[in-house]
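Asker: query_35.cif is reproduced below (mmCIF, C-alpha atoms).
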data_entry
loop_
_atom_site.label_atom_id
_atom_site.label_comp_id
_atom_site.auth_asym_id
_atom_site.auth_seq_id
_atom_site.Cartn_x
_atom_site.Cartn_y
_atom_site.Cartn_z
CA MET A 285 -8.66 31.56 -28.08
CA THR A 286 -12.36 30.87 -27.77
CA PRO A 287 -14.09 30.74 -24.34
CA SER A 288 -14.57 26.98 -24.62
CA SER A 289 -10.87 26.38 -25.33
CA ARG A 290 -9.87 28.62 -22.44
CA LEU A 291 -12.17 26.62 -20.16
CA ARG A 292 -10.64 23.34 -21.29
CA ALA A 293 -7.13 24.70 -20.68
CA ALA A 294 -8.03 25.97 -17.21
CA SER A 295 -9.88 22.87 -16.01
CA PRO A 296 -6.71 20.78 -15.28
CA THR A 297 -5.30 23.70 -13.29
CA VAL A 298 -8.51 23.95 -11.30
CA ARG A 299 -8.54 20.21 -10.60
CA TRP A 300 -4.91 20.09 -9.50
CA THR A 301 -5.29 23.18 -7.34
CA ALA A 302 -8.40 21.74 -5.69
CA GLY A 303 -6.58 18.45 -5.10
CA TRP A 304 -3.63 20.12 -3.37
CA LEU A 305 -5.96 22.23 -1.25
CA LEU A 306 -7.93 19.14 -0.24
CA ALA A 307 -4.69 17.39 0.73
CA ALA A 308 -3.69 20.46 2.78
CA ALA A 309 -7.03 20.40 4.62
CA TRP A 310 -6.56 16.70 5.39
CA ALA A 311 -3.02 17.31 6.66
CA LEU A 312 -4.18 20.17 8.90
CA SER A 313 -6.62 17.83 10.64
CA PHE A 314 -3.70 16.01 12.29
CA PRO A 315 -2.32 18.97 14.27
CA LEU A 316 -5.86 19.83 15.30
CA PHE A 317 -7.14 16.41 16.36
CA SER A 318 -4.24 13.94 16.75
CA SER A 319 -2.45 13.45 20.06
CA LEU A 320 0.59 11.76 18.43
CA GLY A 321 3.64 13.96 18.01
CA PRO A 322 4.88 12.47 14.69
CA HIS A 323 1.41 12.85 13.16
CA ARG A 324 1.16 16.46 14.29
CA LEU A 325 4.58 17.30 12.88
CA TRP A 326 3.74 15.64 9.58
CA GLY A 327 0.48 17.58 9.42
CA TRP A 328 2.16 20.97 9.77
CA CYS A 329 4.92 20.19 7.27
CA ALA A 330 2.61 18.51 4.75
CA ALA A 331 0.02 21.29 4.92
CA ALA A 332 2.70 23.87 4.13
CA GLY A 333 3.94 21.78 1.21
CA TYR A 334 0.47 21.22 -0.20
CA LEU A 335 -0.44 24.91 0.07
CA ALA A 336 2.77 25.84 -1.72
CA ALA A 337 1.93 23.27 -4.38
CA ALA A 338 -1.51 24.80 -4.85
CA GLY A 339 0.03 28.26 -5.30
CA ALA A 340 2.57 26.98 -7.81
CA THR A 341 -0.18 25.22 -9.75
CA VAL A 342 -2.15 28.45 -10.06
CA LEU A 343 0.97 30.07 -11.52
CA GLY A 344 1.26 27.25 -14.03
CA ARG A 345 4.37 25.64 -12.52
CA ARG A 346 3.42 21.97 -12.25
CA ARG A 347 6.91 20.64 -11.55
CA THR A 348 7.52 23.23 -8.86
CA ALA A 349 4.20 22.25 -7.29
CA LEU A 350 5.16 18.58 -7.19
CA GLY A 351 8.56 19.41 -5.72
CA ALA A 352 6.97 21.51 -2.98
CA ALA A 353 4.54 18.72 -2.11
CA LEU A 354 7.31 16.10 -1.95
CA LEU A 355 9.50 18.41 0.12
CA GLY A 356 6.81 19.32 2.65
CA ALA A 357 4.98 15.99 2.90
CA VAL A 358 7.90 13.56 2.65
CA ALA A 359 11.47 14.85 2.72
CA VAL A 360 11.42 17.40 5.57
CA PRO A 361 9.30 15.50 8.14
CA LEU A 362 10.91 12.14 7.32
CA LEU A 363 14.46 13.42 7.79
CA TYR A 364 13.56 15.26 10.98
CA LEU A 365 11.79 12.30 12.56
CA VAL A 366 14.49 9.83 11.53
CA LEU A 367 17.37 11.98 12.77
CA THR A 368 15.62 12.73 16.06
CA GLY A 369 14.59 9.12 16.60
CA GLN A 370 10.85 9.79 16.60
CA GLY A 371 8.08 7.77 15.00
CA GLN A 372 5.29 5.36 15.69
CA SER A 373 6.02 2.34 17.87
CA GLU A 374 6.03 0.07 14.81
CA VAL A 375 9.47 1.40 13.83
CA GLY A 376 11.00 0.23 17.10
CA VAL A 377 9.17 -3.10 16.89
CA ILE A 378 10.66 -3.88 13.48
CA GLU A 379 14.15 -2.88 14.57
CA ARG A 380 13.84 -4.98 17.74
CA SER A 381 12.87 -8.01 15.64
CA GLY A 382 15.97 -7.54 13.52
CA ARG A 383 18.14 -7.30 16.61
CA LEU A 384 16.64 -10.44 18.16
CA LEU A 385 17.07 -12.31 14.89
CA LEU A 386 20.72 -11.33 14.66
CA GLU A 387 21.51 -12.08 18.30
CA SER A 388 19.51 -15.24 19.01
CA GLY A 389 17.72 -16.35 15.86
CA ARG A 390 14.38 -15.60 17.55
CA LEU A 391 11.89 -12.92 16.58
CA TYR A 392 9.49 -12.47 19.48
CA VAL A 393 9.79 -11.47 23.12
CA ASP A 394 8.87 -14.44 25.31
CA GLN A 395 5.83 -13.82 27.52
CA PRO A 396 5.38 -10.12 26.60
CA ALA A 397 4.16 -8.07 29.54
CA GLY A 398 2.98 -4.93 27.74
CA VAL A 399 1.75 -3.83 24.37
CA GLU A 400 5.18 -2.41 23.47
CA GLU A 401 6.70 -5.91 23.68
CA TYR A 402 4.34 -7.47 21.14
CA THR A 403 5.44 -8.01 17.53
CA PRO A 404 2.31 -8.51 15.41
CA TYR A 405 4.26 -9.36 12.23
CA LEU A 406 5.42 -12.54 10.57
CA PRO A 407 9.15 -13.36 10.41
CA GLY A 408 9.80 -11.63 7.08
CA MET A 409 9.33 -8.21 8.67
CA ALA A 410 12.43 -8.75 10.83
CA LEU A 411 14.61 -8.55 7.71
CA LEU A 412 13.75 -4.85 7.42
CA GLY A 413 15.09 -4.34 10.93
CA LEU A 414 18.42 -6.04 10.28
CA PRO A 415 20.22 -2.92 8.94
CA ARG A 416 19.88 -1.16 12.30
CA ALA A 417 21.11 -4.28 14.11
CA LEU A 418 24.07 -4.68 11.76
CA LEU A 419 25.11 -1.06 12.29
CA GLY A 420 25.52 -1.75 16.01
CA GLY A 421 24.55 0.40 18.94
CA GLY A 422 25.80 3.72 17.58
CA ASP A 423 23.54 6.75 17.76
CA GLY A 424 25.05 9.05 15.16
CA TRP A 425 23.10 10.64 12.34
CA ALA A 426 24.47 8.17 9.79
CA VAL A 427 23.38 5.17 11.88
CA ARG A 428 19.93 6.65 12.37
CA LEU A 429 19.54 7.48 8.71
CA LEU A 430 20.86 4.19 7.30
CA GLY A 431 19.38 1.95 9.97
CA ASP A 432 15.88 3.36 10.38
CA ALA A 433 13.29 0.79 9.40
CA ARG A 434 11.20 3.44 7.61
CA ILE A 435 13.95 3.99 5.07
CA TRP A 436 14.08 0.29 4.22
CA CYS A 437 10.29 -0.03 4.14
CA ALA A 438 10.17 2.83 1.65
CA ALA A 439 12.99 1.27 -0.37
CA ALA A 440 11.05 -2.01 -0.55
CA LEU A 441 7.95 -0.14 -1.76
CA PHE A 442 9.76 1.80 -4.48
CA ALA A 443 11.72 -1.23 -5.65
CA ALA A 444 8.52 -3.27 -5.98
CA LEU A 445 6.71 -0.47 -7.84
CA TRP A 446 9.67 -0.02 -10.19
CA ALA A 447 9.82 -3.76 -10.91
CA GLY A 448 6.07 -3.85 -11.53
CA ARG A 449 6.35 -0.95 -13.96
CA ARG A 450 9.12 -2.75 -15.86
CA MET A 451 7.00 -5.90 -16.11
CA LEU A 452 4.08 -4.00 -17.56
CA GLY A 453 6.27 -2.18 -20.08
CA GLY A 454 5.92 1.32 -21.31
CA PRO A 455 7.34 4.58 -19.96
CA ALA A 456 7.31 5.52 -16.29
CA SER A 457 4.06 7.10 -15.19
CA PRO A 458 4.24 10.82 -14.36
CA LEU A 459 1.54 10.25 -11.74
CA LEU A 460 3.69 8.00 -9.53
CA PRO A 461 5.55 10.93 -7.87
CA VAL A 462 2.17 12.54 -7.24
CA LEU A 463 1.01 9.35 -5.55
CA VAL A 464 4.11 9.37 -3.33
CA ALA A 465 3.47 13.01 -2.40
CA SER A 466 -0.19 12.35 -1.59
CA PRO A 467 -1.28 11.66 2.01
CA VAL A 468 -1.98 8.04 1.04
CA VAL A 469 1.75 7.28 0.82
CA ALA A 470 3.43 10.27 2.48
CA LEU A 471 1.87 9.88 5.93
CA PRO A 472 2.64 6.15 6.48
CA LEU A 473 6.07 6.60 4.90
CA VAL A 474 7.00 9.36 7.34
CA VAL A 475 5.58 8.07 10.63
CA SER A 476 5.85 4.26 10.44
CA GLY A 477 6.39 2.69 7.00
CA VAL A 478 5.22 -0.71 8.20
CA ASP A 479 2.51 -1.25 5.55
CA LEU A 480 4.54 0.03 2.58
CA PRO A 481 6.44 -3.21 1.77
CA LEU A 482 3.19 -5.17 1.80
CA ALA A 483 1.57 -2.64 -0.52
CA GLY A 484 4.48 -2.70 -2.92
CA LEU A 485 4.64 -6.50 -3.04
CA CYS A 486 0.89 -6.72 -3.70
CA CYS A 487 1.29 -4.29 -6.60
CA LEU A 488 4.23 -6.31 -7.91
CA ALA A 489 2.30 -9.57 -7.69
CA LEU A 490 -0.63 -8.07 -9.62
CA ALA A 491 1.69 -6.69 -12.30
CA ALA A 492 3.44 -10.05 -12.66
CA ALA A 493 0.13 -11.89 -12.96
CA VAL A 494 -1.29 -9.52 -15.58
CA SER A 495 1.95 -9.64 -17.62
CA GLY A 496 1.98 -13.46 -17.54
CA ARG A 497 4.82 -14.18 -15.09
CA PRO A 498 3.43 -16.77 -12.65
CA ALA A 499 6.75 -17.55 -10.95
CA ALA A 500 7.47 -13.88 -10.28
CA ALA A 501 3.92 -13.41 -9.00
CA GLY A 502 4.37 -16.36 -6.65
CA ALA A 503 7.67 -14.99 -5.33
CA ALA A 504 6.09 -11.59 -4.65
CA LEU A 505 3.18 -13.27 -2.87
CA ALA A 506 5.58 -15.35 -0.76
CA ALA A 507 7.44 -12.23 0.35
CA ALA A 508 4.15 -10.45 1.14
CA CYS A 509 2.73 -13.40 3.08
CA ALA A 510 5.94 -13.56 5.12
CA LEU A 511 5.33 -9.98 6.32
CA LYS A 512 1.67 -9.93 7.41
CA TRP A 513 -1.17 -12.40 7.14
CA THR A 514 -3.36 -9.65 5.67
CA ALA A 515 -1.61 -10.43 2.36
CA LEU A 516 -3.72 -13.58 1.94
CA PRO A 517 -6.48 -11.86 -0.11
CA ALA A 518 -3.83 -10.96 -2.69
CA VAL A 519 -3.14 -14.68 -3.22
CA ALA A 520 -6.74 -15.33 -4.21
CA VAL A 521 -6.88 -12.38 -6.60
CA VAL A 522 -3.57 -13.20 -8.30
CA LEU A 523 -4.53 -16.86 -8.77
CA ALA A 524 -7.89 -15.81 -10.22
CA VAL A 525 -6.16 -13.53 -12.73
CA LEU A 526 -3.72 -16.24 -13.82
CA LEU A 527 -6.42 -18.89 -14.04
CA ALA A 528 -8.61 -16.68 -16.22
CA CYS A 529 -5.86 -15.33 -18.47
CA ARG A 530 -3.13 -18.00 -18.52
CA GLY A 531 -4.80 -21.24 -17.48
CA ALA A 532 -4.59 -23.72 -14.63
CA ARG A 533 -0.93 -24.58 -15.21
CA ALA A 534 0.21 -20.98 -14.67
CA ALA A 535 -2.01 -20.61 -11.59
CA GLY A 536 -0.64 -23.85 -10.15
CA ARG A 537 2.95 -22.77 -10.74
CA CYS A 538 2.28 -19.48 -8.97
CA ALA A 539 0.63 -21.26 -6.04
CA ALA A 540 3.56 -23.67 -5.70
CA VAL A 541 6.14 -20.87 -5.66
CA ALA A 542 4.07 -18.82 -3.21
CA ALA A 543 3.51 -21.75 -0.83
CA SER A 544 7.12 -22.96 -0.85
CA GLY A 545 8.56 -19.46 -0.52
CA THR A 546 6.25 -18.59 2.38
CA ALA A 547 7.16 -21.83 4.13
CA VAL A 548 10.89 -21.11 3.81
CA LEU A 549 10.49 -17.64 5.30
CA VAL A 550 7.92 -18.40 8.01
CA LEU A 551 8.64 -21.98 9.07
CA PRO A 552 11.75 -21.19 11.16
CA GLY A 553 9.72 -18.82 13.31
CA VAL A 554 6.94 -21.38 13.64
CA LEU A 555 9.37 -24.07 14.79
CA LEU A 556 11.32 -21.87 17.21
CA GLN A 557 8.45 -19.95 18.85
CA PRO A 558 5.10 -21.45 17.84
CA GLU A 559 3.24 -20.23 20.92
CA GLU A 560 4.56 -16.68 20.68
CA LEU A 561 3.92 -16.49 16.95
CA TRP A 562 0.29 -17.47 17.50
CA ARG A 563 -0.14 -15.11 20.45
CA GLN A 564 1.52 -12.06 18.91
CA VAL A 565 0.75 -12.41 15.20
CA PHE A 566 -2.81 -13.76 15.28
CA ALA A 567 -4.37 -13.45 18.76
CA PHE A 568 -3.08 -9.95 19.54
CA PRO A 569 -4.29 -8.16 16.35
CA THR A 570 -7.73 -9.81 16.61
CA GLY A 571 -8.24 -8.86 20.25
CA ARG A 572 -7.79 -12.36 21.75
CA ALA A 573 -4.50 -11.86 23.59
CA GLU A 574 -3.97 -11.02 27.25
CA VAL A 575 -3.06 -7.44 26.29
CA ALA A 576 -5.54 -5.33 24.35
CA THR A 577 -4.43 -4.13 20.93
CA PRO A 578 -4.13 -0.35 20.47
CA ALA A 579 -5.82 -0.68 17.06
CA SER A 580 -9.24 0.47 18.16
CA SER A 581 -10.68 2.85 15.58
CA PRO A 582 -14.51 2.95 15.67
CA LEU A 583 -14.96 0.72 12.64
CA PRO A 584 -17.99 -1.63 12.39
CA GLY A 585 -16.10 -4.79 13.33
CA HIS A 586 -14.49 -3.25 16.39
CA LEU A 587 -17.76 -1.75 17.62
CA LEU A 588 -19.52 -5.09 17.25
CA ALA A 589 -16.70 -7.01 18.93
CA GLY A 590 -16.89 -4.65 21.91
CA LEU A 591 -20.39 -5.85 22.77
CA GLY A 592 -19.10 -9.04 24.38
CA PRO A 593 -17.96 -12.57 23.45
CA TRP A 594 -20.94 -13.12 21.18
CA GLY A 595 -20.12 -9.86 19.40
CA TRP A 596 -16.59 -11.05 18.66
CA TYR A 597 -17.84 -14.33 17.18
CA LEU A 598 -20.45 -12.47 15.14
CA THR A 599 -17.73 -10.18 13.82
CA VAL A 600 -15.62 -13.16 12.77
CA ALA A 601 -18.66 -14.71 11.08
CA GLN A 602 -19.31 -11.51 9.14
CA LEU A 603 -15.65 -11.35 8.19
CA ALA A 604 -15.83 -14.93 6.86
CA LEU A 605 -18.99 -14.12 4.90
CA GLY A 606 -17.33 -11.07 3.38
CA GLY A 607 -14.35 -13.17 2.32
CA LEU A 608 -16.68 -15.78 0.84
CA ALA A 609 -18.52 -13.11 -1.14
CA VAL A 610 -15.28 -11.81 -2.64
CA ALA A 611 -14.16 -15.37 -3.43
CA LEU A 612 -17.44 -16.06 -5.23
CA SER A 613 -17.03 -12.86 -7.24
CA LEU A 614 -13.55 -14.01 -8.29
CA TRP A 615 -15.00 -17.33 -9.43
CA ALA A 616 -18.02 -15.85 -11.22
CA ARG A 617 -16.26 -12.89 -12.82
CA PRO A 618 -12.47 -13.14 -12.53
CA PRO A 619 -10.51 -9.94 -13.18
CA ARG A 620 -8.45 -9.86 -16.37
CA THR A 621 -6.85 -6.41 -16.29
CA LEU A 622 -4.60 -4.63 -13.83
CA VAL A 623 -7.26 -2.12 -12.84
CA ALA A 624 -9.92 -4.80 -12.34
CA ALA A 625 -7.56 -6.95 -10.25
CA ALA A 626 -6.47 -4.02 -8.08
CA ASP A 627 -10.10 -2.98 -7.56
CA ARG A 628 -11.09 -6.49 -6.51
CA LEU A 629 -8.18 -6.76 -4.08
CA ALA A 630 -8.95 -3.31 -2.70
CA LEU A 631 -12.56 -4.36 -2.16
CA GLY A 632 -11.53 -7.50 -0.28
CA LEU A 633 -9.05 -5.64 1.91
CA THR A 634 -11.56 -2.89 2.66
CA LEU A 635 -14.12 -5.43 3.82
CA ALA A 636 -11.48 -7.16 5.93
CA PHE A 637 -10.38 -3.94 7.61
CA LEU A 638 -13.93 -2.73 8.22
CA LEU A 639 -15.19 -6.03 9.64
CA ALA A 640 -12.07 -7.05 11.61
CA PRO A 641 -12.46 -7.17 15.41
CA ALA A 642 -9.69 -4.57 15.72
CA GLY A 643 -8.47 -2.10 13.14
CA ARG A 644 -7.35 1.42 12.33
CA PHE A 645 -8.52 3.96 9.80
CA GLY A 646 -4.93 4.05 8.56
CA TYR A 647 -5.25 0.49 7.27
CA LEU A 648 -7.62 1.78 4.56
CA ALA A 649 -4.69 3.58 2.93
CA LEU A 650 -3.61 0.24 1.42
CA PRO A 651 -6.79 -0.26 -0.69
CA VAL A 652 -6.67 3.38 -1.79
CA LEU A 653 -3.03 2.97 -2.81
CA LEU A 654 -3.86 -0.12 -4.87
CA VAL A 655 -6.67 1.65 -6.74
CA LEU A 656 -4.64 4.78 -7.49
CA TRP A 657 -1.47 2.87 -8.41
CA ALA A 658 -3.27 0.64 -10.90
CA ARG A 659 -4.79 3.62 -12.67
CA SER A 660 -1.49 5.47 -12.80
CA THR A 661 0.46 2.43 -13.99
CA ALA A 662 -1.80 0.45 -16.32
CA PRO A 663 -0.60 0.84 -19.91
CA ARG A 664 -2.94 2.88 -22.01
CA PRO A 665 -4.06 1.46 -25.34
CA ALA A 666 -2.62 3.18 -28.32
CA PRO A 667 -5.13 5.39 -30.12
CA SER A 668 -6.48 3.74 -33.22
CA ARG A 669 -5.89 5.42 -36.50
CA VAL A 670 -8.86 5.83 -38.73
CA VAL A 671 -7.93 6.28 -42.33
CA ALA A 672 -10.57 8.21 -44.19
CA ARG A 673 -11.38 6.84 -47.55
CA SER A 674 -11.65 9.32 -50.33
CA ALA A 675 -14.97 9.47 -52.05
CA PRO A 676 -15.02 7.78 -55.45
CA ARG A 677 -14.62 10.17 -58.28
CA GLU A 678 -17.63 10.74 -60.41
CA ARG A 679 -17.21 9.53 -63.92
CA ARG A 680 -17.50 12.25 -66.45
CA PRO A 681 -19.67 11.52 -69.41
CA ALA A 682 -17.69 10.63 -72.44
CA LYS A 683 -17.40 13.38 -75.03
CA ALA A 684 -19.16 12.78 -78.27
CA HIS A 685 -16.76 12.65 -81.19
#
Show me the file's structure as structure tokens.
Answerer:
Amino acid sequence: MTPSSRLRAASPTVRWTAGWLLAAAWALSFPLFSSLGPHRLWGWCAAAGYLAAAGATVLGRRRTALGAALLGAVAVPLLYLVLTGQGQSEVGVIERSGRLLLESGRLYVDQPAGVEEYTPYLPGMALLGLPRALLGGGDGWAVRLLGDARIWCAAALFAALWAGRRMLGGPASPLLPVLVASPVVALPLVVSGVDLPLAGLCCLALAAAVSGRPAAAGAALAAACALKWTALPAVAVVLAVLLACRGARAAGRCAAVAASGTAVLVLPGVLLQPEELWRQVFAFPTGRAEVATPASSPLPGHLLAGLGPWGWYLTVAQLALGGLAVALSLWARPPRTLVAAADRLALGLTLAFLLAPAGRFGYLALPVLLVLWARSTAPRPAPSRVVARSAPRERRPAKAH
């Protein structure tokens, strides 16, 4: 083996090892700097898994490396936190919504007194809390495991990604398990899970649009818009893809399905508790409710909004301008491929999270997930075969008779 061939063979090992080590360093930052118990636990477990994955990669055992990463970053901390009833407050909020829906048909606590009583989600999120409510008030390990909202959030994510893969055709991507083991998916899956269904439905809507299924894309958008209003940028991107690739009729069909489906899922909550829905779903996350939102990472929008009333209005104006810029880019140069659509949606969501009056660094995991998923899922073009033409034979001079 020549030195150049040995270098080419070693370069993937070096890249994978460096990637696992980088993930381990990121995981170790949580025990060192975070004050949240679930985050600290995840950091220790994930760092051990990533370091073991790096060692297995050096030994040339790629599958063992992936198994170690999934075990340390997902399986062990998730099972421990679920069985001990620990997690971010979002888990309890979703389960409370499911209980209220089952008991009274309502979703929100009337006149919430503290931040723990707010439910900043649209009515569709309560469906993920129904399993815990249906299992009753038991506290056994089976009830905790089968009723925990994180389990159902993860199930919604994986089901949507599987359906999107089937729509696009081709074999399952070997990079999808790596994406699940990465901090982008593993951390939110273990500690809260609240953004995973939205991410999966956005991926499914993009896959349906690219594969020419406007009704399926509209249904996925309706489900996403019934969870959180941050799904609205996905509607614009999906419609732009369908309009560019399939025409106005397909885009209109998608819009009709999305609008009607969202209305069916959201309208009951609007009619039953219009004031609470406005206060908890829109005013609270944007910093306009009586109780301050805990989402206060030092992002540009939050820092500007903290300067006073004029700062908040300036932040909203910048947010509107950012949305207008993305909308103009969709009109001038609409995306036509899965990767281009995911990149455009990731750009819009990143601007929204950076310029919002209140936000968290963790929200940026959604754009990263979209970008990585599209590149690991998009079907690769088959290599073209070049048939070499044989050179014409030279004619031999005729023999003289």
Asker: For Gly369 of chain A, which of A:Leu523, A:Leu608, A:Leu452, A:Ala433 is the closest residue, counting all atoms listed in the file?
Answerer: A:Ala433
Asker: List, as a PyMOL selection string, every residue that the PyMOL selection byres ((chain A and resi 544-560) around 9) selects in the file provided.
Answerer: chain A and resi 389-396+406-408+502-503+505-511+539-543+561-565
Asker: Neighbourhood query: residues within 12 Å of (-14.8, -3.5, 5.5), file coordinates, counting all atoms listed in the file; return as a PyMOL selection string.
Answerer: chain A and resi 583-586+599+602-607+610+630-645+647-648+651
Asker: From the options A:Val399, A:Ala624, A:Leu650, A:Leu365, which residue's atoms come nearest to Ile435 of chain A, counting all atoms listed in the file?
Answerer: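 Once distances to Ile435 of chain A are computed over all atoms listed in the file, the minimum belongs to A:Leu365.
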Asker: My list of candidates is A:Leu386, A:Val478, A:Ala493, A:Cys529. Which is closest to Thr403 of chain A when distances are computed with only C-alpha atoms?
Answerer: A:Val478
Asker: Taking all atoms listed in the file into account, which of A:Leu385, A:Leu656, A:Val575, A:Ala524 comes nearest Ala626 of chain A?
Answerer: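 The answer is A:Leu656, which sits nearest to Ala626 of chain A.
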Asker: May I have the residues within 10 Å of Phe442 of chain A as a list in words, using only C-alpha atoms and disregarding those fewer than 5 positions away in the same chain?
Answerer: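 Returned residues: Trp436, Cys437, Ala447, Gly448, Val464, Leu480, Pro481, Gly484 and Leu485 of chain A.
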Asker: Within 9 Å of Ala492 of chain A, counting all atoms listed in the file, which residues show up once you throw out same-chain ones fewer than 5 positions away? Write them as number ranges by chain, please.
Answerer: A: 448, 451-452, 487, 497-502, 504, 522
